[in-house]
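Here's data_19.txt, which has compact mmCIF, C-alpha atoms:
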```txt
# COMPACT_ATOMS: atom_id res chain seq x y z
CA MET A 1 -7.85 -8.53 -25.89
CA SER A 2 -4.32 -7.45 -26.71
CA ILE A 3 -2.96 -4.21 -28.03
CA ALA A 4 -1.08 -3.70 -31.29
CA PRO A 5 2.74 -3.56 -31.01
CA ASP A 6 2.84 -0.03 -32.46
CA THR A 7 0.26 1.11 -29.90
CA PHE A 8 2.48 -0.10 -27.09
CA ALA A 9 5.60 1.36 -28.71
CA PHE A 10 4.01 4.80 -29.07
CA VAL A 11 2.77 4.90 -25.48
CA ALA A 12 6.07 3.58 -24.09
CA ASP A 13 7.98 6.23 -26.03
CA LEU A 14 5.60 9.01 -24.95
CA VAL A 15 5.81 7.99 -21.30
CA ALA A 16 9.60 7.66 -21.47
CA ARG A 17 9.99 11.13 -22.99
CA ARG A 18 7.67 12.84 -20.56
CA SER A 19 8.18 10.98 -17.31
CA ALA A 20 11.44 9.04 -17.62
CA ILE A 21 9.49 5.93 -16.70
CA ARG A 22 10.34 3.02 -18.94
CA LEU A 23 7.64 0.60 -19.97
CA GLU A 24 9.46 -2.59 -20.86
CA PRO A 25 7.99 -5.20 -23.20
CA GLY A 26 5.65 -7.31 -21.10
CA LYS A 27 3.93 -4.23 -19.70
CA GLU A 28 1.28 -4.22 -22.43
CA TYR A 29 -1.33 -5.15 -19.82
CA LEU A 30 -0.48 -1.97 -17.94
CA VAL A 31 -1.02 0.22 -21.02
CA GLU A 32 -4.27 -1.59 -21.66
CA SER A 33 -5.61 -1.33 -18.12
CA ARG A 34 -4.66 2.33 -17.71
CA LEU A 35 -5.70 3.68 -21.11
CA ALA A 36 -8.72 1.51 -21.93
CA PRO A 37 -11.01 3.64 -19.73
CA ILE A 38 -9.91 6.80 -21.58
CA ALA A 39 -10.48 5.18 -24.96
CA ARG A 40 -13.85 3.91 -23.80
CA GLU A 41 -14.86 7.41 -22.79
CA ARG A 42 -14.18 8.44 -26.38
CA GLN A 43 -16.06 5.38 -27.63
CA VAL A 44 -13.17 3.97 -29.63
CA SER A 45 -10.89 0.98 -29.23
CA LEU A 46 -7.55 1.52 -27.51
CA ASP A 47 -5.65 0.94 -30.75
CA GLU A 48 -7.84 3.47 -32.54
CA TYR A 49 -7.43 5.97 -29.73
CA VAL A 50 -3.66 5.73 -29.89
CA ARG A 51 -3.77 5.93 -33.72
CA ARG A 52 -5.57 9.27 -33.33
CA LEU A 53 -2.99 10.43 -30.79
CA ARG A 54 -0.22 9.59 -33.25
CA ALA A 55 -1.96 11.52 -35.98
CA GLY A 56 -1.79 14.62 -33.83
CA ALA A 57 -3.30 15.39 -30.43
CA PRO A 58 -3.31 18.45 -28.20
CA ASP A 59 -0.68 18.53 -25.51
CA ASP A 60 -3.31 18.21 -22.79
CA GLU A 61 -4.44 14.92 -24.21
CA LEU A 62 -0.92 13.52 -24.33
CA ALA A 63 -0.29 14.73 -20.79
CA GLY A 64 -3.45 12.93 -19.68
CA VAL A 65 -2.18 9.70 -21.19
CA VAL A 66 1.13 10.05 -19.40
CA GLU A 67 -0.65 10.81 -16.14
CA ALA A 68 -2.86 7.77 -16.50
CA MET A 69 0.20 5.62 -17.09
CA THR A 70 2.25 7.01 -14.25
CA THR A 71 -0.19 7.59 -11.41
CA ASN A 72 -2.40 5.20 -9.49
CA GLU A 73 0.45 2.77 -9.08
CA THR A 74 -0.78 -0.32 -7.39
CA SER A 75 0.51 -0.70 -3.89
CA TRP A 76 -0.42 -2.72 -0.84
CA PHE A 77 -2.65 -1.15 1.82
CA ARG A 78 -2.86 1.95 -0.31
CA ASP A 79 -3.33 5.05 1.88
CA VAL A 80 -3.22 2.69 4.91
CA ALA A 81 -6.28 4.10 6.75
CA PRO A 82 -9.06 2.20 4.91
CA PHE A 83 -7.30 -1.10 5.64
CA ALA A 84 -6.10 -0.31 9.15
CA ALA A 85 -9.68 0.56 10.15
CA LEU A 86 -11.25 -2.63 8.79
CA THR A 87 -11.03 -4.99 11.76
CA PRO A 88 -11.14 -2.56 14.69
CA HIS A 89 -13.67 -0.03 13.39
CA VAL A 90 -15.52 -1.08 10.25
CA LEU A 91 -16.23 -4.67 11.18
CA PRO A 92 -18.16 -3.75 14.35
CA LEU A 93 -20.33 -1.43 12.25
CA LEU A 94 -21.04 -4.22 9.78
CA ARG A 95 -21.84 -6.72 12.52
CA ALA A 96 -24.20 -4.24 14.16
CA ALA A 97 -25.90 -3.85 10.79
CA GLY A 98 -26.48 -7.57 10.48
CA ALA A 99 -23.34 -9.17 9.02
CA THR A 100 -23.18 -11.97 11.56
CA ASP A 101 -22.19 -15.06 9.57
CA ARG A 102 -19.56 -13.74 7.17
CA VAL A 103 -18.23 -10.59 5.52
CA ARG A 104 -18.46 -10.27 1.76
CA VAL A 105 -16.36 -7.67 -0.04
CA TRP A 106 -16.24 -6.63 -3.68
CA SER A 107 -12.91 -5.21 -4.81
CA ALA A 108 -13.74 -3.47 -8.09
CA ALA A 109 -11.04 -2.75 -10.69
CA CYS A 110 -8.61 -4.83 -8.64
CA SER A 111 -5.78 -4.79 -11.19
CA THR A 112 -3.00 -7.22 -10.21
CA GLY A 113 -4.56 -8.13 -6.87
CA GLN A 114 -2.83 -5.98 -4.28
CA GLU A 115 -6.11 -4.48 -3.07
CA PRO A 116 -8.13 -7.69 -2.54
CA TYR A 117 -5.18 -9.43 -0.91
CA SER A 118 -4.64 -6.39 1.33
CA ILE A 119 -8.29 -6.69 2.36
CA VAL A 120 -8.03 -10.36 3.35
CA MET A 121 -4.72 -9.69 5.13
CA ALA A 122 -6.22 -6.78 7.06
CA LEU A 123 -9.16 -9.02 8.03
CA ALA A 124 -7.05 -12.14 8.66
CA ASP A 125 -7.88 -12.12 12.37
CA ALA A 126 -11.50 -11.10 11.99
CA PRO A 127 -13.91 -13.24 13.99
CA LEU A 128 -15.99 -13.90 10.86
CA PRO A 129 -15.13 -15.64 7.59
CA VAL A 130 -14.20 -13.18 4.85
CA GLU A 131 -14.93 -13.61 1.15
CA VAL A 132 -13.66 -11.19 -1.45
CA VAL A 133 -14.90 -11.03 -5.03
CA ALA A 134 -12.25 -9.16 -7.00
CA THR A 135 -12.99 -7.96 -10.51
CA ASP A 136 -11.21 -6.28 -13.35
CA LEU A 137 -11.85 -5.72 -17.02
CA ASN A 138 -8.50 -7.10 -18.04
CA GLU A 139 -7.92 -10.86 -18.17
CA GLN A 140 -4.14 -10.47 -18.13
CA VAL A 141 -4.05 -8.59 -14.84
CA LEU A 142 -6.58 -11.06 -13.43
CA ALA A 143 -4.29 -13.96 -14.35
CA ARG A 144 -1.44 -12.27 -12.48
CA ALA A 145 -3.73 -11.56 -9.54
CA ARG A 146 -4.88 -15.19 -9.34
CA GLU A 147 -1.25 -16.31 -9.33
CA GLY A 148 -0.65 -14.03 -6.36
CA GLN A 149 3.07 -13.82 -7.06
CA TYR A 150 4.97 -10.55 -6.86
CA SER A 151 8.46 -9.24 -7.44
CA GLN A 152 10.61 -7.77 -4.71
CA LEU A 153 9.95 -4.28 -6.06
CA GLU A 154 6.22 -4.95 -5.83
CA VAL A 155 6.26 -6.26 -2.25
CA ASN A 156 8.30 -3.23 -1.24
CA ARG A 157 5.32 -1.00 -2.02
CA GLY A 158 3.44 -0.45 1.21
CA LEU A 159 3.50 -3.98 2.58
CA PRO A 160 4.36 -4.09 6.29
CA ALA A 161 7.33 -6.43 6.87
CA ALA A 162 5.39 -8.35 9.52
CA VAL A 163 2.60 -8.96 7.02
CA LEU A 164 5.10 -10.03 4.35
CA VAL A 165 6.61 -12.76 6.50
CA ARG A 166 3.25 -13.89 7.80
CA HIS A 167 1.24 -14.05 4.60
CA PHE A 168 3.79 -14.64 1.83
CA GLU A 169 6.24 -17.39 0.93
CA ARG A 170 9.39 -17.02 -1.10
CA VAL A 171 9.29 -18.53 -4.58
CA GLY A 172 12.76 -18.00 -6.04
CA ALA A 173 13.27 -14.27 -6.29
CA HIS A 174 9.53 -13.65 -5.93
CA TRP A 175 7.02 -13.65 -3.11
CA ARG A 176 3.69 -15.46 -3.29
CA VAL A 177 0.59 -14.90 -1.20
CA ARG A 178 0.03 -18.02 0.90
CA ALA A 179 -2.60 -20.43 -0.39
CA ASP A 180 -5.02 -19.97 2.50
CA LEU A 181 -5.38 -16.26 1.71
CA ARG A 182 -5.50 -16.79 -2.05
CA GLY A 183 -8.43 -19.12 -1.40
CA ARG A 184 -10.42 -16.29 0.14
CA VAL A 185 -10.36 -14.18 -3.03
CA GLN A 186 -12.37 -15.06 -6.11
CA PHE A 187 -11.20 -13.23 -9.23
CA ARG A 188 -13.65 -12.57 -12.07
CA ARG A 189 -13.67 -10.54 -15.25
CA HIS A 190 -16.16 -7.71 -14.95
CA ASN A 191 -16.88 -4.43 -16.71
CA LEU A 192 -18.11 -1.65 -14.43
CA MET A 193 -20.45 -0.63 -17.26
CA ASP A 194 -22.34 -3.89 -16.70
CA ALA A 195 -24.54 -5.07 -13.84
CA ALA A 196 -22.61 -5.62 -10.62
CA PRO A 197 -21.53 -9.13 -9.58
CA PRO A 198 -24.14 -10.99 -7.52
CA GLY A 199 -24.42 -9.47 -4.04
CA PRO A 200 -25.08 -8.72 -1.37
CA PHE A 201 -21.77 -7.21 -0.27
CA ASP A 202 -20.92 -5.63 3.06
CA LEU A 203 -18.16 -3.52 1.55
CA VAL A 204 -17.35 -2.38 -1.97
CA PHE A 205 -13.85 -1.07 -2.63
CA LEU A 206 -14.20 1.25 -5.62
CA ARG A 207 -10.96 3.14 -5.30
CA ASN A 208 -9.38 5.50 -7.83
CA VAL A 209 -11.48 4.22 -10.69
CA LEU A 210 -14.42 6.63 -10.96
CA ILE A 211 -11.98 9.31 -12.06
CA TYR A 212 -11.89 7.68 -15.48
CA PHE A 213 -15.61 8.15 -16.03
CA ASP A 214 -17.82 11.10 -16.89
CA LEU A 215 -20.44 12.25 -14.38
CA PRO A 216 -23.45 10.24 -15.67
CA THR A 217 -21.30 7.11 -15.76
CA LYS A 218 -20.02 7.73 -12.23
CA ARG A 219 -23.63 8.03 -11.04
CA ALA A 220 -24.65 4.88 -12.86
CA VAL A 221 -21.76 2.91 -11.37
CA LEU A 222 -22.57 4.15 -7.86
CA ASP A 223 -26.26 3.24 -8.43
CA ARG A 224 -25.28 -0.30 -9.35
CA VAL A 225 -22.97 -0.53 -6.35
CA ALA A 226 -25.68 0.70 -3.99
CA ARG A 227 -28.03 -2.00 -5.25
CA VAL A 228 -25.65 -4.83 -4.27
CA LEU A 229 -24.73 -3.41 -0.86
CA ARG A 230 -26.29 -5.05 2.16
CA PRO A 231 -28.21 -2.48 4.29
CA GLY A 232 -25.60 -0.84 6.48
CA GLY A 233 -22.80 -1.69 4.05
CA PHE A 234 -20.24 0.81 2.80
CA VAL A 235 -18.44 1.93 -0.33
CA VAL A 236 -14.75 2.73 0.06
CA LEU A 237 -13.47 5.29 -2.44
CA GLY A 238 -9.95 6.58 -3.12
CA ALA A 239 -8.40 9.00 -0.64
CA ALA A 240 -9.12 12.02 -2.81
CA GLU A 241 -12.50 10.86 -4.07
CA THR A 242 -15.97 11.75 -2.81
CA THR A 243 -19.61 11.21 -3.67
CA LEU A 244 -20.25 14.93 -3.06
CA GLY A 245 -21.41 16.54 -6.26
CA VAL A 246 -21.50 13.13 -7.91
CA HIS A 247 -24.31 11.20 -6.24
CA ASP A 248 -26.60 12.54 -3.51
CA GLY A 249 -27.73 9.09 -2.39
CA PHE A 250 -24.74 8.52 -0.11
CA GLU A 251 -23.64 9.84 3.25
CA ARG A 252 -20.07 10.13 4.46
CA VAL A 253 -19.11 8.14 7.55
CA GLU A 254 -15.76 8.26 9.34
CA ALA A 255 -14.57 5.17 11.17
CA GLY A 256 -11.14 4.99 12.74
CA GLY A 257 -9.56 7.37 10.27
CA ALA A 258 -11.17 5.72 7.26
CA VAL A 259 -13.75 7.58 5.19
CA LEU A 260 -16.66 5.42 4.10
CA HIS A 261 -19.75 6.14 2.03
CA ARG A 262 -23.12 4.63 2.93
CA PRO A 263 -26.26 4.64 0.81
CA LEU A 264 -29.07 6.67 2.30
CA THR A 265 -31.67 3.94 2.66
CA ALA A 266 -32.82 1.86 5.63
CA PRO A 267 -32.26 2.97 9.26
CA ARG A 268 -29.05 1.71 10.80
CA PRO A 269 -27.28 2.13 14.13
CA PRO A 270 -25.39 5.39 14.55
CA VAL A 271 -21.62 5.02 14.23
CA SER A 272 -20.98 6.43 17.69
CA ALA A 273 -23.08 3.70 19.32
CA VAL A 274 -20.91 0.87 18.06
CA PRO A 275 -17.79 0.13 20.12
CA SER A 276 -14.51 -0.46 18.32
CA VAL A 277 -12.42 -3.51 19.06
CA PRO A 278 -8.66 -3.61 19.59
CA ALA A 279 -6.44 -3.77 16.51
CA PRO A 280 -5.56 -7.30 15.38
CA VAL A 281 -2.45 -8.92 16.71
CA VAL A 282 -0.18 -10.25 14.00
CA ARG A 283 1.93 -13.15 15.11
CA VAL A 284 5.12 -13.53 13.12
CA PRO A 285 6.20 -17.14 12.58
CA MET A 286 9.56 -17.74 14.22
CA PRO A 287 12.04 -19.83 12.27
CA ARG A 288 13.79 -22.62 14.11
CA GLY A 289 16.96 -21.67 15.89
CA LEU A 290 15.82 -18.24 16.95
CA PRO A 291 15.27 -17.38 20.59
CA PRO A 292 11.69 -17.06 21.84
CA ALA A 293 9.97 -13.94 20.65
CA SER A 294 10.57 -11.90 23.73
CA PRO A 295 10.32 -8.33 22.39
CA PRO A 296 6.74 -7.29 23.04
CA HIS A 297 6.38 -5.56 19.70
CA LEU A 298 6.98 -8.90 17.97
CA THR A 299 4.61 -11.06 19.97
CA ALA A 300 1.94 -8.39 19.74
CA LEU A 301 2.84 -6.77 16.49
CA ARG A 302 0.29 -4.30 15.29
CA PRO A 303 1.26 -3.78 11.70
CA PHE A 304 -0.60 -0.52 11.17
CA SER A 305 0.20 1.32 14.35
CA ALA A 306 3.15 3.65 14.43
CA PRO A 307 5.67 2.97 17.17
CA ALA A 308 5.64 5.39 20.06
CA ARG A 309 7.95 8.26 19.42
CA PRO A 310 9.42 10.86 21.70
CA ALA A 311 8.79 14.57 21.49
CA PRO A 312 10.43 16.18 18.46
CA ALA A 313 14.18 15.78 18.64
CA ARG A 314 16.53 18.69 19.01
CA PRO A 315 18.12 19.99 15.83
CA LEU A 316 20.97 17.87 14.58
CA PRO A 317 24.32 19.27 15.59
CA GLN A 318 25.66 19.04 12.07
CA SER A 319 22.48 18.51 10.17
CA ARG A 320 22.87 18.52 6.47
CA GLY A 321 21.05 17.57 3.36
CA VAL A 322 22.43 14.98 1.02
CA SER A 323 22.92 16.11 -2.50
CA MET B 1 11.68 14.84 11.65
CA ARG B 2 15.30 13.79 11.83
CA ALA B 3 16.84 10.64 10.44
CA LEU B 4 20.12 8.79 10.71
CA VAL B 5 21.19 6.83 7.63
CA VAL B 6 23.55 3.98 8.52
CA ASP B 7 25.18 2.26 5.55
CA ASP B 8 28.75 1.47 4.56
CA SER B 9 28.03 2.45 0.97
CA ARG B 10 28.42 6.17 0.42
CA THR B 11 26.26 5.95 -2.67
CA MET B 12 23.47 4.23 -0.78
CA ARG B 13 23.70 6.78 2.04
CA ARG B 14 23.24 9.51 -0.54
CA ILE B 15 20.28 7.79 -2.20
CA VAL B 16 18.46 7.09 1.06
CA GLY B 17 19.40 10.52 2.44
CA ALA B 18 18.22 12.37 -0.66
CA THR B 19 14.91 10.52 -0.61
CA LEU B 20 14.44 11.38 3.06
CA ASN B 21 15.40 15.02 2.40
CA ASP B 22 12.75 15.16 -0.33
CA LEU B 23 10.22 13.95 2.23
CA GLY B 24 11.19 16.72 4.63
CA PHE B 25 13.64 14.90 6.88
CA GLU B 26 16.91 16.35 8.12
CA THR B 27 19.52 13.64 7.77
CA GLN B 28 22.80 12.58 9.29
CA GLU B 29 24.99 9.73 8.09
CA ALA B 30 27.06 6.99 9.68
CA GLU B 31 29.13 4.37 7.85
CA ASN B 32 28.52 1.50 10.28
CA GLY B 33 26.76 0.59 13.49
CA ALA B 34 29.59 1.69 15.75
CA ALA B 35 29.76 5.10 14.10
CA ALA B 36 26.00 5.44 14.53
CA LEU B 37 26.23 4.59 18.22
CA ALA B 38 29.05 7.11 18.63
CA LEU B 39 26.87 9.87 17.15
CA LEU B 40 23.96 8.97 19.41
CA GLU B 41 26.18 8.74 22.48
CA ALA B 42 27.47 12.21 21.61
CA GLY B 43 23.94 13.53 21.90
CA LEU B 44 22.49 13.21 18.40
CA GLU B 45 18.71 12.85 18.63
CA VAL B 46 16.79 11.32 15.77
CA ASP B 47 13.26 10.06 15.13
CA LEU B 48 14.20 7.47 12.51
CA ALA B 49 17.20 5.29 11.68
CA CYS B 50 17.53 3.57 8.29
CA ILE B 51 20.00 0.75 8.82
CA ASP B 52 21.85 -1.51 6.39
CA TRP B 53 22.48 -5.08 7.53
CA ASN B 54 25.97 -5.93 6.30
CA MET B 55 28.53 -3.37 7.46
CA PRO B 56 32.05 -3.62 8.85
CA VAL B 57 32.85 -3.01 12.54
CA MET B 58 29.23 -3.35 13.68
CA ASP B 59 26.45 -4.72 11.50
CA GLY B 60 22.88 -3.49 11.37
CA LEU B 61 21.38 -6.30 13.39
CA GLU B 62 23.78 -5.61 16.25
CA LEU B 63 22.95 -1.91 16.06
CA VAL B 64 19.22 -2.60 16.17
CA THR B 65 19.70 -4.89 19.17
CA ARG B 66 21.73 -2.26 21.03
CA LEU B 67 19.31 0.55 20.25
CA ARG B 68 16.35 -1.47 21.48
CA ALA B 69 18.21 -2.40 24.66
CA THR B 70 18.93 1.20 25.65
CA ARG B 71 16.09 3.12 27.21
CA GLU B 72 16.84 6.55 25.73
CA TRP B 73 17.05 5.17 22.20
CA ARG B 74 14.09 2.82 22.39
CA ALA B 75 11.73 5.37 20.88
CA ILE B 76 13.73 5.71 17.66
CA THR B 77 11.88 4.12 14.75
CA LEU B 78 14.17 1.54 13.17
CA MET B 79 13.98 0.49 9.54
CA MET B 80 16.33 -2.04 8.01
CA VAL B 81 17.23 -1.11 4.43
CA THR B 82 19.12 -4.06 3.04
CA THR B 83 19.67 -6.57 0.25
CA GLU B 84 19.10 -9.41 2.74
CA SER B 85 15.82 -10.76 1.40
CA GLU B 86 15.52 -14.17 3.06
CA GLN B 87 12.33 -14.54 5.06
CA GLU B 88 14.32 -15.78 8.05
CA LYS B 89 16.44 -12.60 7.99
CA ILE B 90 13.37 -10.37 7.99
CA VAL B 91 11.93 -12.25 10.95
CA ARG B 92 15.28 -12.02 12.76
CA ALA B 93 15.42 -8.23 12.27
CA LEU B 94 11.83 -7.80 13.49
CA ALA B 95 12.59 -10.02 16.48
CA ALA B 96 15.61 -7.85 17.29
CA GLY B 97 13.42 -4.78 17.29
CA ALA B 98 13.29 -3.33 13.77
CA HIS B 99 9.93 -1.72 13.05
CA GLU B 100 10.10 -2.06 9.29
CA TYR B 101 12.21 -3.70 6.61
CA LEU B 102 12.84 -2.34 3.12
CA LEU B 103 14.45 -4.53 0.49
CA LYS B 104 17.13 -3.10 -1.78
CA PRO B 105 16.88 -2.18 -4.57
CA PHE B 106 13.85 0.01 -3.99
CA ALA B 107 12.04 2.86 -5.68
CA PRO B 108 11.87 6.14 -3.74
CA GLU B 109 8.11 5.63 -3.50
CA ALA B 110 8.70 2.39 -1.59
CA LEU B 111 10.60 4.24 1.13
CA ARG B 112 7.78 6.76 1.25
CA ASP B 113 5.21 3.94 1.56
CA LYS B 114 7.10 2.44 4.49
CA LEU B 115 7.26 5.79 6.27
CA ASP B 116 3.54 6.21 5.64
CA LEU B 117 2.94 2.84 7.33
CA LEU B 118 5.00 4.02 10.28
CA GLY B 119 3.05 7.27 10.49
CA MET B 120 6.20 9.25 9.78
CA LEU B 121 5.19 11.31 6.78
CA PRO B 122 4.67 15.02 7.40
CA GLN B 123 1.20 14.79 5.83
CA PRO B 124 -1.21 11.90 5.34
CA ALA B 125 -0.80 10.10 2.02
CA GLY B 126 -3.01 11.62 -0.63
CA GLY B 127 -4.63 9.45 -3.24
CA ALA B 128 -4.27 10.22 -6.88
CA ALA B 129 -7.67 10.80 -8.28
```

Show this structure as structure tokens.
Amino acid sequence: MSIAPDTFAFVADLVARRSAIRLEPGKEYLVESRLAPIARERQVSLDEYVRRLRAGAPDDELAGVVEAMTTNETSWFRDVAPFAALTPHVLPLLRAAGATDRVRVWSAACSTGQEPYSIVMALADAPLPVEVVATDLNEQVLARAREGQYSQLEVNRGLPAAVLVRHFERVGAHWRVRADLRGRVQFRRHNLMDAAPPGPFDLVFLRNVLIYFDLPTKRAVLDRVARVLRPGGFVVLGAAETTLGVHDGFERVEAGGAVLHRPLTAPRPPVSAVPSVPAPVVRVPMPRGLPPASPPHLTALRPFSAPARPAPARPLPQSRGVS
Amino acid sequence: MRALVVDDSRTMRRIVGATLNDLGFETQEAENGAAALALLEAGLEVDLACIDWNMPVMDGLELVTRLRATREWRAITLMMVTTESEQEKIVRALAAGAHEYLLKPFAPEALRDKLDLLGMLPQPAGGAA
């Protein structure tokens, strides 16, 4: 599927006028992936939806389009907590619930791949093999995701430096996810309106995507997700999303700062009874010629833990803002 | 939170400083590593230092090394903000004691993301929903 040139031109102009963000040629996939859910809600094609906007649309509608184009930017380890909690807190819960041979994760609406790769990076030192099935509606973003190659601006977005040097290699001016991690993610085209990919899954990342759907559709998607979750498995939603008022078949579980949602079905061990394990240790490869990695925070680098800081500093003697 | 922006480019100091101000930081500036050390030796206390690599007098790597070697400055969170994008350079900065590394050019959101990783944002990151 590709969008008409005048569709792209209209959206790019609208976004530029209202947000100062420029959508350069080549970003058609972004327009498609962000606006297709809105068009689908209105049961028209994206080109037809934009044709109607051009013919005259209320300001609210145009603002919604701009918002869809300018929010939900894809970044690595988005919101940090759901990824930081995976190995030390979530994995013990899954193992206690029966995931003893491997961990299977579905990353739904994965866009250009930052989320599924963040998952395998966060679980790189897990004591079990990890498989991620990553899906999106859009073949173009899936092709980019499979390639696993990102610009400098893209790797700047939320990727810890220690993770960058461990799990990426430089390819010219770009950075590519190393082959061993790419091999743990299987990308597939999938429409959330259809039956879920074959399960069972221990975790389903369904982040910042339900917002595009009306209430019955949200419920239907969560029903399908619940059916492919292994007993004791969890759904991970966006930081500002909840199942409250949407679907009463889930309970909220907190694990190490991450908020998870578990279907209310079979009995499972209480969260408090499962011990957490220490955060993973990321070992940064040392290039030849450098001295041994003596600083302790390098040899035992915990990419998600903030360094110890002193009590709040005294006011700056000549503190000033920068205009 | 208080931050020291160390860069020989006045423009870059302004860009980094303005972004930090928007995130609620009070900022101070230094044009090279030696000037930064002089401010700290004079009693300036900061939580974060954003440090360029290539600067006259004292470069960023030297500054990071000195800050990590001095007990009273060891708790300052150090972030390199530099055009040096070679993998080996990033590893070298981390080995010297930098906590994070931001590649120039960057969007303001990228600086925010890095501070979020370091637990240095005033409030937890909120998702857009």

- Item | Nearest residue to B:Val81 from the set A:Glu147, A:Asn156, A:Pro58, A:Asp202 (distances using only C-alpha atoms) |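 Closest to B:Val81 of all the choices is A:Asn156.
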
- Message: Can you measure atom CA of A:Leu46 to atom CA of A:Leu23 for me? One decimal in Å is fine.
- Response: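 Result for atom CA of A:Leu46 versus atom CA of A:Leu23: 17.0 Å, one decimal.
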
- Message: Excluding B:Leu102 and its own-chain neighbours fewer than 5 positions away, which residues fall within 8 Å of it when counting all atoms listed in the file? Please give them as an MDAnalysis selection string.
- Response: (chainID A and resid 156 161) or (chainID B and resid 79:82 110:111 114)

For chain B, report every residue with an atom at most 7 Å from chain A (counting only C-alpha atoms), formatted as a PDB file with C-alpha atoms, in the coordinates of the input.
```pdb
ATOM      1  CA  ARG B  14      23.240   9.510  -0.540  1.00  0.00           C
ATOM      2  CA  GLY B  17      19.400  10.520   2.440  1.00  0.00           C
ATOM      3  CA  ALA B  18      18.220  12.370  -0.660  1.00  0.00           C
ATOM      4  CA  ASN B  21      15.400  15.020   2.400  1.00  0.00           C
ATOM      5  CA  GLU B  26      16.910  16.350   8.120  1.00  0.00           C
ATOM      6  CA  THR B  27      19.520  13.640   7.770  1.00  0.00           C
ATOM      7  CA  GLN B  28      22.800  12.580   9.290  1.00  0.00           C
ATOM      8  CA  LEU B  44      22.490  13.210  18.400  1.00  0.00           C
ATOM      9  CA  GLU B  45      18.710  12.850  18.630  1.00  0.00           C
ATOM     10  CA  VAL B  46      16.790  11.320  15.770  1.00  0.00           C
ATOM     11  CA  ASP B  47      13.260  10.060  15.130  1.00  0.00           C
ATOM     12  CA  ALA B  75      11.730   5.370  20.880  1.00  0.00           C
ATOM     13  CA  ILE B  76      13.730   5.710  17.660  1.00  0.00           C
ATOM     14  CA  THR B  77      11.880   4.120  14.750  1.00  0.00           C
ATOM     15  CA  GLN B  87      12.330 -14.540   5.060  1.00  0.00           C
ATOM     16  CA  GLU B  88      14.320 -15.780   8.050  1.00  0.00           C
ATOM     17  CA  VAL B  91      11.930 -12.250  10.950  1.00  0.00           C
ATOM     18  CA  LEU B  94      11.830  -7.800  13.490  1.00  0.00           C
ATOM     19  CA  ALA B  95      12.590 -10.020  16.480  1.00  0.00           C
ATOM     20  CA  GLY B  97      13.420  -4.780  17.290  1.00  0.00           C
ATOM     21  CA  GLU B 100      10.100  -2.060   9.290  1.00  0.00           C
ATOM     22  CA  TYR B 101      12.210  -3.700   6.610  1.00  0.00           C
ATOM     23  CA  LEU B 102      12.840  -2.340   3.120  1.00  0.00           C
ATOM     24  CA  LEU B 103      14.450  -4.530   0.490  1.00  0.00           C
ATOM     25  CA  PHE B 106      13.850   0.010  -3.990  1.00  0.00           C
ATOM     26  CA  ALA B 110       8.700   2.390  -1.590  1.00  0.00           C
ATOM     27  CA  ASP B 113       5.210   3.940   1.560  1.00  0.00           C
ATOM     28  CA  LYS B 114       7.100   2.440   4.490  1.00  0.00           C
ATOM     29  CA  LEU B 117       2.940   2.840   7.330  1.00  0.00           C
ATOM     30  CA  LEU B 118       5.000   4.020  10.280  1.00  0.00           C
ATOM     31  CA  GLY B 119       3.050   7.270  10.490  1.00  0.00           C
ATOM     32  CA  ALA B 125      -0.800  10.100   2.020  1.00  0.00           C
ATOM     33  CA  GLY B 126      -3.010  11.620  -0.630  1.00  0.00           C
ATOM     34  CA  GLY B 127      -4.630   9.450  -3.240  1.00  0.00           C
ATOM     35  CA  ALA B 128      -4.270  10.220  -6.880  1.00  0.00           C
ATOM     36  CA  ALA B 129      -7.670  10.800  -8.280  1.00  0.00           C
TER      37      ALA B 129
END
```

- What is the distance, in Å and to one decimal place, between atom CA of A:Arg51 and atom CA of A:Pro37?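 Atom CA of A:Pro37 lies at a distance of 15.9 Å from atom CA of A:Arg51.
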
Test item: residues at most 9 Å from A:Arg184, all atoms listed in the file, excluding those fewer than 5 positions along its chain, as a CSV table (one decimal) with C-alpha atoms, in the coordinates of the input:
```csv
chain,number,residue,atom,x,y,z
A,117,TYR,CA,-5.2,-9.4,-0.9
A,120,VAL,CA,-8.0,-10.4,3.4
A,129,PRO,CA,-15.1,-15.6,7.6
A,130,VAL,CA,-14.2,-13.2,4.8
A,131,GLU,CA,-14.9,-13.6,1.2
A,132,VAL,CA,-13.7,-11.2,-1.4
A,133,VAL,CA,-14.9,-11.0,-5.0
A,179,ALA,CA,-2.6,-20.4,-0.4
```

- Task: May I have the residues within 12 Å of A:Leu229 as a ChimeraX atom specification, using only C-alpha atoms and disregarding those fewer than 2 positions away in the same chain?
- Result: /A:94,97,99,103-106,196-205,222-227,231-236,250,261-266

- Query: Mind pulling up the distance from atom CA of B:Thr65 to atom CA of B:Gly33?
  - Reply: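 Computed distance, atom CA of B:Gly33 to atom CA of B:Thr65, equals 10.6 Å.
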
- Closest to A:Ala16 among A:Ala85, A:Leu206, A:Val66, A:Val253, using all atoms listed in the file?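 Ranking A:Ala85, A:Leu206, A:Val66, A:Val253 by distance to A:Ala16, first place goes to A:Val66.
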
- Task: List every protein, DNA or RNA residue that has at least one atom no more than 10 Å from (-4.4, -17.3, -6.2) in the file's coordinates, counting all atoms listed in the file, and write the result as JSON, numbers by chain.
- Result: {"A": [113, 117, 142, 143, 144, 145, 146, 147, 148, 149, 176, 177, 178, 179, 180, 181, 182, 183, 184, 185, 186, 187]}
